[in-house]
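Shown below: coords.tsv, with TSV, C-alpha atoms.
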```
chain	number	residue	atom	x	y	z
R	196	MET	CA	-50.59	139.54	258.97
R	197	PRO	CA	-48.11	138.95	261.83
R	198	GLU	CA	-44.89	141.02	261.48
R	199	SER	CA	-42.69	137.94	261.19
R	200	GLU	CA	-44.63	136.30	258.37
R	201	SER	CA	-43.02	136.33	254.93
R	202	VAL	CA	-45.31	135.93	251.93
R	203	VAL	CA	-44.29	135.45	248.31
R	204	VAL	CA	-46.78	136.74	245.75
R	205	LEU	CA	-46.78	135.94	242.04
R	206	GLY	CA	-48.24	138.77	239.94
R	207	ILE	CA	-49.37	138.03	236.39
R	208	ASP	CA	-50.44	140.11	233.41
R	209	PRO	CA	-51.85	137.38	231.13
R	210	GLY	CA	-51.54	137.27	227.35
R	211	THR	CA	-51.44	134.57	224.67
R	212	ALA	CA	-48.33	136.05	223.00
R	213	VAL	CA	-46.60	137.55	226.07
R	214	THR	CA	-47.44	136.86	229.71
R	215	GLY	CA	-45.67	139.21	232.14
R	216	TYR	CA	-44.85	138.10	235.67
R	217	GLY	CA	-43.31	139.49	238.83
R	218	ILE	CA	-42.50	137.75	242.10
R	219	VAL	CA	-42.50	139.97	245.18
R	220	ARG	CA	-41.74	139.14	248.81
R	221	LYS	CA	-43.73	140.80	251.58
R	222	ASP	CA	-41.95	140.36	254.87
R	223	GLY	CA	-43.78	141.83	257.84
R	224	ARG	CA	-43.19	145.58	257.98
R	225	ASN	CA	-39.92	145.42	255.98
R	226	PRO	CA	-39.83	147.02	252.53
R	227	LEU	CA	-41.19	144.85	249.71
R	228	THR	CA	-38.54	143.09	247.63
R	229	LEU	CA	-38.52	141.97	244.01
R	230	VAL	CA	-37.49	138.33	243.74
R	231	GLU	CA	-37.74	137.92	239.96
R	232	CYS	CA	-39.62	139.28	237.00
R	233	GLY	CA	-39.83	138.54	233.29
R	234	VAL	CA	-42.08	137.32	230.50
R	235	ILE	CA	-43.30	134.01	229.12
R	236	ARG	CA	-43.22	134.48	225.36
R	237	THR	CA	-44.97	132.02	223.02
R	238	LYS	CA	-44.07	131.38	219.38
R	239	PRO	CA	-46.24	133.23	216.86
R	240	ARG	CA	-46.35	130.15	214.60
R	241	ASP	CA	-47.60	127.84	217.35
R	242	THR	CA	-51.26	126.89	217.56
R	243	LEU	CA	-53.37	128.12	220.48
R	244	PRO	CA	-53.23	124.72	222.28
R	245	GLN	CA	-49.40	124.73	222.00
R	246	ARG	CA	-49.24	128.28	223.34
R	247	LEU	CA	-51.51	127.36	226.24
R	248	GLN	CA	-49.17	124.50	227.04
R	249	GLU	CA	-46.15	126.85	227.05
R	250	ILE	CA	-47.92	129.36	229.31
R	251	HIS	CA	-49.09	126.63	231.69
R	252	GLU	CA	-45.60	125.09	231.88
R	253	GLY	CA	-43.96	128.50	232.36
R	254	VAL	CA	-46.25	129.46	235.23
R	255	SER	CA	-46.05	126.00	236.84
R	256	GLU	CA	-42.25	126.21	236.70
R	257	LEU	CA	-42.29	129.62	238.47
R	258	ILE	CA	-44.59	128.19	241.15
R	259	ARG	CA	-42.32	125.17	241.67
R	260	ARG	CA	-39.25	127.40	241.94
R	261	HIS	CA	-40.56	130.18	244.21
R	262	LYS	CA	-43.49	128.53	246.01
R	263	PRO	CA	-45.64	131.71	246.11
R	264	ARG	CA	-48.62	131.57	248.46
R	265	VAL	CA	-50.65	134.10	246.49
R	266	LEU	CA	-51.49	134.66	242.82
R	267	SER	CA	-52.45	138.23	241.98
R	268	ILE	CA	-53.71	138.34	238.40
R	269	GLU	CA	-55.01	141.06	236.13
R	270	ASP	CA	-58.69	140.67	235.40
R	271	ILE	CA	-59.86	140.77	231.80
R	272	PHE	CA	-60.31	144.17	230.24
R	273	TYR	CA	-63.65	144.00	228.47
R	274	ALA	CA	-63.33	147.03	226.22
R	275	ARG	CA	-61.11	145.32	223.64
R	276	ASN	CA	-62.68	143.27	220.87
R	277	VAL	CA	-64.55	140.11	221.85
R	278	ARG	CA	-62.31	137.69	219.95
R	279	THR	CA	-59.13	138.98	221.68
R	280	THR	CA	-60.83	138.87	225.07
R	281	VAL	CA	-62.08	135.31	224.55
R	282	VAL	CA	-58.65	134.07	223.46
R	283	LEU	CA	-57.18	135.83	226.52
R	284	GLY	CA	-59.75	133.91	228.60
R	285	HIS	CA	-58.08	130.67	227.41
R	286	ALA	CA	-54.68	131.90	228.69
R	287	ARG	CA	-56.14	133.00	232.03
R	288	GLY	CA	-57.80	129.58	232.31
R	289	VAL	CA	-54.52	127.66	232.20
R	290	ILE	CA	-52.84	130.16	234.59
R	291	LEU	CA	-55.68	129.84	237.15
R	292	LEU	CA	-55.42	126.05	236.72
R	293	ALA	CA	-51.71	126.06	237.61
R	294	ALA	CA	-52.40	128.18	240.72
R	295	ALA	CA	-55.39	126.06	241.80
R	296	HIS	CA	-53.31	122.92	241.34
R	297	ALA	CA	-50.69	124.35	243.74
R	298	GLY	CA	-53.40	125.29	246.27
R	299	MET	CA	-52.59	129.00	246.00
R	300	GLU	CA	-54.77	131.88	247.21
R	301	ILE	CA	-56.05	133.69	244.10
R	302	HIS	CA	-56.83	137.42	243.85
R	303	GLU	CA	-58.03	139.19	240.71
R	304	TYR	CA	-57.84	142.94	240.07
R	305	PRO	CA	-59.06	144.98	237.11
R	306	PRO	CA	-56.26	146.95	235.36
R	307	SER	CA	-57.52	150.26	236.81
R	308	GLU	CA	-57.26	148.95	240.40
R	309	ILE	CA	-53.71	147.76	239.81
R	310	LYS	CA	-52.75	151.20	238.45
R	311	LYS	CA	-54.47	152.89	241.36
R	312	ALA	CA	-52.72	150.71	243.97
R	313	VAL	CA	-49.30	151.30	242.43
R	314	ALA	CA	-49.49	154.84	241.02
R	315	GLY	CA	-52.39	156.37	242.94
R	316	THR	CA	-54.77	156.68	239.99
R	317	GLY	CA	-56.64	154.25	237.75
R	318	ALA	CA	-55.76	156.46	234.79
R	319	ALA	CA	-51.96	156.16	235.29
R	320	THR	CA	-49.91	155.75	232.10
R	321	LYS	CA	-47.58	152.80	231.41
R	322	LEU	CA	-44.64	155.10	232.19
R	323	GLN	CA	-46.07	156.20	235.53
R	324	VAL	CA	-46.67	152.57	236.50
R	325	GLN	CA	-43.10	151.63	235.52
R	326	PHE	CA	-41.71	154.57	237.51
R	327	MET	CA	-43.67	153.65	240.65
R	328	VAL	CA	-42.74	149.95	240.36
R	329	MET	CA	-39.10	151.09	240.26
R	330	ARG	CA	-39.49	153.40	243.28
R	331	LEU	CA	-41.56	151.02	245.41
R	332	LEU	CA	-39.03	148.21	244.96
R	333	ARG	CA	-35.94	150.49	244.99
R	334	LEU	CA	-34.77	149.29	241.56
R	335	LYS	CA	-32.12	151.07	239.49
R	336	SER	CA	-34.20	150.77	236.32
R	337	ALA	CA	-37.74	149.80	235.40
R	338	PRO	CA	-38.40	146.12	234.66
R	339	GLN	CA	-38.24	145.41	230.92
R	340	PRO	CA	-40.24	144.68	228.78
R	341	THR	CA	-43.32	146.59	229.95
R	342	ASP	CA	-45.26	143.32	230.28
R	343	ALA	CA	-42.83	142.27	233.04
R	344	ALA	CA	-43.48	145.61	234.80
R	345	ASP	CA	-47.22	144.95	234.50
R	346	GLY	CA	-46.74	141.55	236.13
R	347	VAL	CA	-44.79	143.18	238.98
R	348	ALA	CA	-47.53	145.83	239.31
R	349	ALA	CA	-50.14	143.05	239.70
R	350	ALA	CA	-48.04	141.54	242.52
R	351	LEU	CA	-47.72	144.98	244.16
R	352	ALA	CA	-51.50	145.55	243.98
R	353	TRP	CA	-51.95	142.62	246.36
R	354	ALA	CA	-48.87	143.37	248.48
R	355	LEU	CA	-49.86	147.03	249.00
R	356	ALA	CA	-53.48	146.29	249.90
R	357	PRO	CA	-53.92	147.67	253.41
R	358	ASP	CA	-53.87	145.20	256.29
R	359	LEU	CA	-57.20	146.03	257.83
R	360	PRO	CA	-56.93	146.61	261.59
R	361	LYS	CA	-58.71	143.95	263.58
R	362	ILE	CA	-61.95	145.21	265.06
R	363	GLU	CA	-62.26	144.00	268.62
R	364	PRO	CA	-65.70	143.09	269.86
R	365	MET	CA	-67.10	146.01	271.87
R	366	ARG	CA	-66.75	145.64	275.63
R	367	ARG	CA	-69.55	146.82	277.88
R	368	ASP	CA	-67.32	148.99	280.12
R	369	TYR	CA	-66.34	151.04	277.04
R	370	ILE	CA	-69.88	152.28	276.65
R	371	ILE	CA	-70.29	155.76	278.02
R	372	PRO	CA	-73.59	156.02	279.80
R	373	THR	CA	-75.75	158.80	278.45
R	374	GLY	CA	-77.47	161.48	280.59
K	67	MET	CA	-57.91	106.80	206.04
K	68	PRO	CA	-57.09	103.11	205.38
K	69	GLU	CA	-60.08	100.81	205.90
K	70	SER	CA	-58.40	98.89	208.70
K	71	GLU	CA	-57.50	101.93	210.81
K	72	SER	CA	-59.54	102.50	213.96
K	73	VAL	CA	-59.67	106.03	215.36
K	74	VAL	CA	-61.18	107.12	218.68
K	75	VAL	CA	-62.49	110.69	218.76
K	76	LEU	CA	-63.40	112.66	221.88
K	77	GLY	CA	-66.14	115.23	221.22
K	78	ILE	CA	-66.65	118.06	223.69
K	79	ASP	CA	-69.29	120.72	224.25
K	80	PRO	CA	-67.48	122.94	226.79
K	81	GLY	CA	-69.10	124.75	229.72
K	82	THR	CA	-68.03	125.93	233.17
K	83	ALA	CA	-71.07	124.37	234.87
K	84	VAL	CA	-71.61	121.35	232.59
K	85	THR	CA	-69.18	120.02	229.97
K	86	GLY	CA	-70.72	117.37	227.71
K	87	TYR	CA	-68.57	114.68	226.11
K	88	GLY	CA	-68.92	111.78	223.73
K	89	ILE	CA	-66.36	109.19	222.67
K	90	VAL	CA	-66.92	107.65	219.24
K	91	ARG	CA	-64.94	104.97	217.40
K	92	LYS	CA	-64.46	105.22	213.66
K	93	ASP	CA	-63.32	101.90	212.28
K	94	GLY	CA	-62.63	101.89	208.57
K	95	ARG	CA	-65.94	101.60	206.69
K	96	ASN	CA	-67.78	99.97	209.60
K	97	PRO	CA	-70.62	101.90	211.25
K	98	LEU	CA	-69.52	104.43	213.88
K	99	THR	CA	-69.87	103.22	217.45
K	100	LEU	CA	-70.46	105.12	220.68
K	101	VAL	CA	-67.89	104.15	223.32
K	102	GLU	CA	-69.06	106.40	226.15
K	103	CYS	CA	-70.82	109.68	226.77
K	104	GLY	CA	-71.70	111.83	229.73
K	105	VAL	CA	-71.08	115.15	231.45
K	106	ILE	CA	-68.48	116.68	233.73
K	107	ARG	CA	-70.51	118.71	236.21
K	108	THR	CA	-68.85	121.26	238.49
K	109	LYS	CA	-70.18	122.45	241.85
K	110	PRO	CA	-72.04	125.79	241.73
K	111	ARG	CA	-70.39	126.87	245.00
K	112	ASP	CA	-66.85	126.26	243.75
K	113	THR	CA	-64.70	129.13	242.55
K	114	LEU	CA	-63.76	129.40	238.87
K	115	PRO	CA	-60.19	128.06	239.49
K	116	GLN	CA	-61.65	125.02	241.32
K	117	ARG	CA	-64.11	124.41	238.48
K	118	LEU	CA	-61.31	124.65	235.92
K	119	GLN	CA	-59.39	122.06	237.91
K	120	GLU	CA	-62.40	119.69	237.91
K	121	ILE	CA	-62.92	120.12	234.15
K	122	HIS	CA	-59.21	119.59	233.42
K	123	GLU	CA	-59.06	116.49	235.60
K	124	GLY	CA	-62.27	115.08	234.12
K	125	VAL	CA	-61.05	115.49	230.54
K	126	SER	CA	-57.54	114.19	231.36
K	127	GLU	CA	-59.10	111.11	232.94
K	128	LEU	CA	-61.18	110.43	229.79
K	129	ILE	CA	-58.05	110.78	227.67
K	130	ARG	CA	-56.09	108.38	229.90
K	131	ARG	CA	-58.90	105.84	229.80
K	132	HIS	CA	-59.81	105.87	226.10
K	133	LYS	CA	-56.64	107.23	224.44
K	134	PRO	CA	-58.52	109.20	221.73
K	135	ARG	CA	-56.36	110.39	218.84
K	136	VAL	CA	-58.62	113.33	218.00
K	137	LEU	CA	-60.35	116.07	220.00
K	138	SER	CA	-63.37	117.59	218.25
K	139	ILE	CA	-64.54	120.60	220.24
K	140	GLU	CA	-67.32	123.11	219.83
K	141	ASP	CA	-66.02	126.56	219.00
K	142	ILE	CA	-67.25	129.51	221.03
K	143	PHE	CA	-70.60	130.97	220.12
K	144	TYR	CA	-70.07	134.72	220.06
K	145	ALA	CA	-73.68	135.86	220.17
K	146	ARG	CA	-74.10	135.30	223.92
K	147	ASN	CA	-73.02	137.99	226.36
K	148	VAL	CA	-69.31	138.80	226.57
K	149	ARG	CA	-68.87	137.81	230.21
K	150	THR	CA	-70.32	134.30	229.61
K	151	THR	CA	-68.19	133.85	226.51
K	152	VAL	CA	-64.99	134.95	228.30
K	153	VAL	CA	-65.62	132.58	231.22
K	154	LEU	CA	-66.30	129.81	228.68
K	155	GLY	CA	-62.91	130.69	227.14
K	156	HIS	CA	-61.30	129.71	230.48
K	157	ALA	CA	-62.97	126.27	230.33
K	158	ARG	CA	-61.95	125.73	226.70
K	159	GLY	CA	-58.39	126.73	227.65
K	160	VAL	CA	-57.97	123.92	230.17
K	161	ILE	CA	-59.62	121.39	227.81
K	162	LEU	CA	-57.28	122.33	224.93
K	163	LEU	CA	-54.38	122.10	227.40
K	164	ALA	CA	-55.31	118.51	228.34
K	165	ALA	CA	-55.51	117.54	224.65
K	166	ALA	CA	-52.24	119.29	223.74
K	167	HIS	CA	-50.52	117.58	226.67
K	168	ALA	CA	-51.61	114.19	225.28
K	169	GLY	CA	-50.38	115.13	221.79
K	170	MET	CA	-53.88	114.88	220.31
K	171	GLU	CA	-55.02	116.22	216.94
K	172	ILE	CA	-57.41	119.11	217.64
K	173	HIS	CA	-60.37	120.16	215.47
K	174	GLU	CA	-62.76	123.01	216.26
K	175	TYR	CA	-66.23	123.44	214.76
K	176	PRO	CA	-68.77	126.22	215.27
K	177	PRO	CA	-72.14	124.98	216.64
K	178	SER	CA	-73.84	125.46	213.26
K	179	GLU	CA	-71.32	123.20	211.49
K	180	ILE	CA	-71.81	120.47	214.09
K	181	LYS	CA	-75.59	120.65	213.60
K	182	LYS	CA	-75.17	120.61	209.83
K	183	ALA	CA	-72.85	117.58	209.91
K	184	VAL	CA	-75.19	115.61	212.16
K	185	ALA	CA	-78.68	116.78	211.16
K	186	GLY	CA	-78.13	118.25	207.69
K	187	THR	CA	-78.83	121.88	208.62
K	188	GLY	CA	-77.09	124.47	210.77
K	189	ALA	CA	-80.50	125.53	212.10
K	190	ALA	CA	-81.37	122.06	213.51
K	191	THR	CA	-83.09	122.06	216.90
K	192	LYS	CA	-81.73	120.29	220.02
K	193	LEU	CA	-84.35	117.58	219.45
K	194	GLN	CA	-83.34	117.02	215.82
K	195	VAL	CA	-79.67	116.73	216.86
K	196	GLN	CA	-80.57	114.23	219.61
K	197	PHE	CA	-82.66	112.18	217.16
K	198	MET	CA	-79.89	112.05	214.57
K	199	VAL	CA	-77.23	111.18	217.19
K	200	MET	CA	-79.49	108.28	218.18
K	201	ARG	CA	-80.01	107.11	214.59
K	202	LEU	CA	-76.39	107.50	213.46
K	203	LEU	CA	-75.11	105.45	216.39
K	204	ARG	CA	-78.08	103.01	216.45
K	205	LEU	CA	-78.94	103.83	220.07
K	206	LYS	CA	-82.23	102.85	221.74
K	207	SER	CA	-82.60	106.30	223.29
K	208	ALA	CA	-80.94	109.71	222.97
K	209	PRO	CA	-77.96	110.39	225.23
K	210	GLN	CA	-79.01	112.24	228.39
K	211	PRO	CA	-78.62	115.03	229.46
K	212	THR	CA	-78.65	117.10	226.26
K	213	ASP	CA	-75.08	118.32	226.98
K	214	ALA	CA	-73.89	114.71	226.60
K	215	ALA	CA	-75.71	114.52	223.24
K	216	ASP	CA	-73.98	117.77	222.22
K	217	GLY	CA	-70.60	116.24	223.10
K	218	VAL	CA	-71.44	113.17	220.98
K	219	ALA	CA	-72.56	115.47	218.13
K	220	ALA	CA	-69.16	117.22	218.25
K	221	ALA	CA	-67.43	113.83	217.93
K	222	LEU	CA	-69.71	112.92	215.02
K	223	ALA	CA	-68.95	116.20	213.23
K	224	TRP	CA	-65.34	115.07	212.90
K	225	ALA	CA	-66.15	111.40	212.28
K	226	LEU	CA	-68.63	112.19	209.50
K	227	ALA	CA	-66.37	114.66	207.69
K	228	PRO	CA	-65.84	113.21	204.20
K	229	ASP	CA	-62.57	111.40	203.56
K	230	LEU	CA	-61.31	113.40	200.61
K	231	PRO	CA	-60.19	111.15	197.75
K	232	LYS	CA	-56.46	111.28	197.23
K	233	ILE	CA	-55.52	113.31	194.20
K	234	GLU	CA	-52.80	111.46	192.31
K	235	PRO	CA	-50.10	113.55	190.68
K	236	MET	CA	-50.89	113.96	186.99
K	237	ARG	CA	-48.97	111.60	184.73
K	238	ARG	CA	-47.68	112.83	181.37
K	239	ASP	CA	-49.33	110.04	179.36
K	240	TYR	CA	-52.73	111.18	180.65
K	241	ILE	CA	-52.37	114.48	178.88
K	242	ILE	CA	-54.32	114.55	175.69
K	243	PRO	CA	-52.33	116.40	173.05
K	244	THR	CA	-54.23	119.28	171.51
K	245	GLY	CA	-54.65	119.84	167.80
```
Please rewrite the model in this file as structure tokens.
Amino acid sequence: MPESESVVVLGIDPGTAVTGYGIVRKDGRNPLTLVECGVIRTKPRDTLPQRLQEIHEGVSELIRRHKPRVLSIEDIFYARNVRTTVVLGHARGVILLAAAHAGMEIHEYPPSEIKKAVAGTGAATKLQVQFMVMRLLRLKSAPQPTDAADGVAAALAWALAPDLPKIEPMRRDYIIPTG
Amino acid sequence: MPESESVVVLGIDPGTAVTGYGIVRKDGRNPLTLVECGVIRTKPRDTLPQRLQEIHEGVSELIRRHKPRVLSIEDIFYARNVRTTVVLGHARGVILLAAAHAGMEIHEYPPSEIKKAVAGTGAATKLQVQFMVMRLLRLKSAPQPTDAADGVAAALAWALAPDLPKIEPMRRDYIIPTG
């Protein structure tokens, strides 16, 4: 990425009841900055289709407002019960739809990779993740509720991924003749 | 339902590769009629977000064209592997979103209930379902491919559900005095 380029990334921790999000700006070699974070909360009495509509509208509204180029979203954690995971799949579906509709670049990371990118280990606790989110973005307190911090962590996982150095094609005069 | 009321129902058998659909009209006590059926097929090379966009657009287009009042959709079959079921959850999510956006009434039926409604038994084979779809709608041949027939079967499951007789509130003079 060229030093002058500024990229806005939307990080999302999906859920049918609470979807956490964090918007982070990556601006060349400057420190990362938190633009906004929060949660999209659906009503417990609403049906699944109504909740999906609220999640889709919430995410679409964030995209309209901040025009992020990248979506960094938590992948589904398969160890929970099947029913929960399948319902979560519905929520992820409408979030991916909103991002695809806006032509965004989409990256998915399993929870352990997000923890590792932010806190150095895939086994980091919620508290460790919150602490590192706070430090990395120079915040005075950790984002609340924890789902918002998880959304920010997802954004950081993409923003902290190393820019791989470009490998130049090998030039013949670099080859040291043997013998 | 009053005899004069005509209701259009959209039946869907969801899938990320192929989503089958059938549109059936229920018109008072007249025989049910098939309005349209077919499949929404996504490209194998497309990413999941692109496929979700194609499915959402396909279903939204059907809704715009036929203005169905009811969505009758196959519920997820949990016996297949978790990964397949979770990905299918994404497809169902964007279909439910399209229906919720149009303010439709949404009904979900497990595959066995759809088979039972159409062919009399939850253990009916694909062929039996196709045959009954053909007979019930007086078609010259079964809808092709089978996913389209499954979409039509989902629509029929709702359309064939018995209209429960209205239970009038009990009037005092109907009560037979004892003794």
Neighbours of Glu140 in chain K within 9 Å (all atoms listed in the file; same-chain residues fewer than 4 positions away dropped), as an mmCIF file with C-alpha atoms, in the frame of the given file?
```cif
data_model
loop_
_atom_site.group_PDB
_atom_site.id
_atom_site.type_symbol
_atom_site.label_atom_id
_atom_site.label_comp_id
_atom_site.auth_asym_id
_atom_site.auth_seq_id
_atom_site.Cartn_x
_atom_site.Cartn_y
_atom_site.Cartn_z
ATOM 1 C CA GLY K 77 -66.140 115.230 221.220
ATOM 2 C CA ILE K 78 -66.650 118.060 223.690
ATOM 3 C CA ASP K 79 -69.290 120.720 224.250
ATOM 4 C CA PRO K 80 -67.480 122.940 226.790
ATOM 5 C CA HIS K 173 -60.370 120.160 215.470
ATOM 6 C CA GLU K 174 -62.760 123.010 216.260
ATOM 7 C CA TYR K 175 -66.230 123.440 214.760
ATOM 8 C CA PRO K 176 -68.770 126.220 215.270
ATOM 9 C CA PRO K 177 -72.140 124.980 216.640
ATOM 10 C CA ILE K 180 -71.810 120.470 214.090
ATOM 11 C CA ASP K 216 -73.980 117.770 222.220
ATOM 12 C CA GLY K 217 -70.600 116.240 223.100
ATOM 13 C CA ALA K 220 -69.160 117.220 218.250
#
```
Could you list, as a PDB file with C-alpha atoms, in the frame of the given file, every residue within 9 Å of Cys232 in chain R, counting all atoms listed in the file and ignoring same-chain residues fewer than 3 positions away?
```pdb
ATOM      1  CA  GLY R 215     -45.670 139.210 232.140  1.00  0.00           C
ATOM      2  CA  TYR R 216     -44.850 138.100 235.670  1.00  0.00           C
ATOM      3  CA  GLY R 217     -43.310 139.490 238.830  1.00  0.00           C
ATOM      4  CA  ILE R 218     -42.500 137.750 242.100  1.00  0.00           C
ATOM      5  CA  VAL R 219     -42.500 139.970 245.180  1.00  0.00           C
ATOM      6  CA  LEU R 229     -38.520 141.970 244.010  1.00  0.00           C
ATOM      7  CA  PRO R 338     -38.400 146.120 234.660  1.00  0.00           C
ATOM      8  CA  GLN R 339     -38.240 145.410 230.920  1.00  0.00           C
ATOM      9  CA  ALA R 343     -42.830 142.270 233.040  1.00  0.00           C
ATOM     10  CA  ALA R 344     -43.480 145.610 234.800  1.00  0.00           C
ATOM     11  CA  GLY R 346     -46.740 141.550 236.130  1.00  0.00           C
ATOM     12  CA  VAL R 347     -44.790 143.180 238.980  1.00  0.00           C
TER      13      VAL R 347
END
```
Sorted by chain and rising residue number, which residues of range 142-177 of chain K lie within 10 Å of range 238-252 of chain R, and what are their closest atom pairs and distances in Å to one decimal, counting all atoms listed in the file, as CSV?
```
residue,atom,partner,partner_atom,distance
K:Arg158,CA,R:Pro244,CA,9.8
K:Gly159,CA,R:Leu247,CA,7.1
K:Val160,CA,R:Leu247,CA,8.3
K:Ile161,CA,R:Pro244,CA,9.1
K:Leu162,CA,R:Pro244,CA,5.4
K:Leu163,CA,R:Gln248,CA,5.7
K:Ala164,CA,R:Gln248,CA,8.7
K:Ala165,CA,R:Pro244,CA,7.9
K:Ala166,CA,R:Pro244,CA,5.7
K:His167,CA,R:Gln248,CA,7.1
K:Gly169,CA,R:Gln245,CA,9.7
K:Ile172,CA,R:Pro244,CA,8.4
```
(request) Up to 10 Å from (-57.2, 111.6, 225.6) in the file's coordinates: name the residues, counting only C-alpha atoms, as JSON, numbers by chain. (result) {"K": [74, 75, 76, 89, 125, 126, 127, 128, 129, 130, 131, 132, 133, 134, 135, 136, 137, 164, 165, 166, 167, 168, 169, 170]}
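Among the candidates R:Gly284, R:Gly233, R:Gly317, R:Gly253, the residue lying nearest to chain K is R:Gly284 (atoms considered: all atoms listed in the file).
Here CA of Ala223 in chain K and CA of Ser72 in chain K stand 16.6 Å from one another.
The interatomic distance for the pair CA of Val148 in chain K and CA of Thr280 in chain R works out to 8.6 Å.
When all atoms listed in the file are used to measure the gap to chain K, the shortest distance among R:Ala337, R:Ala212, R:Val281, R:Leu351 belongs to R:Val281.
Among the candidate residues K:Ala190, K:Ala157, K:Leu98, K:Ile106, the one lying nearest to chain R is K:Ala157, with distances computed using all atoms listed in the file.
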(request) Find the residue from R:Asp222, R:Arg236, R:Val202, R:Thr228 that sits nearest to Met329 in chain R; use only C-alpha atoms when measuring. (result) R:Thr228
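For the pair CA of Thr341 in chain R and CA of Thr279 in chain R, the interatomic distance is 19.4 Å.
Residues within 10 Å of Ser336 in chain R, counting all atoms listed in the file and excluding same-chain residues fewer than 5 positions away, are Gln325, Phe326, Val328, Met329 and Arg330 of chain R.
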(message) Here is a test: counting all atoms listed in the file, which residue of K:Ser138, K:Ser178, K:Asn147, K:Thr108 is nearest to chain R?
(response) K:Asn147
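Take the candidates K:Val84, K:Val101, K:Leu154, K:Ala219 and check each one against chain R using only C-alpha atoms; the shortest distance goes to K:Leu154.
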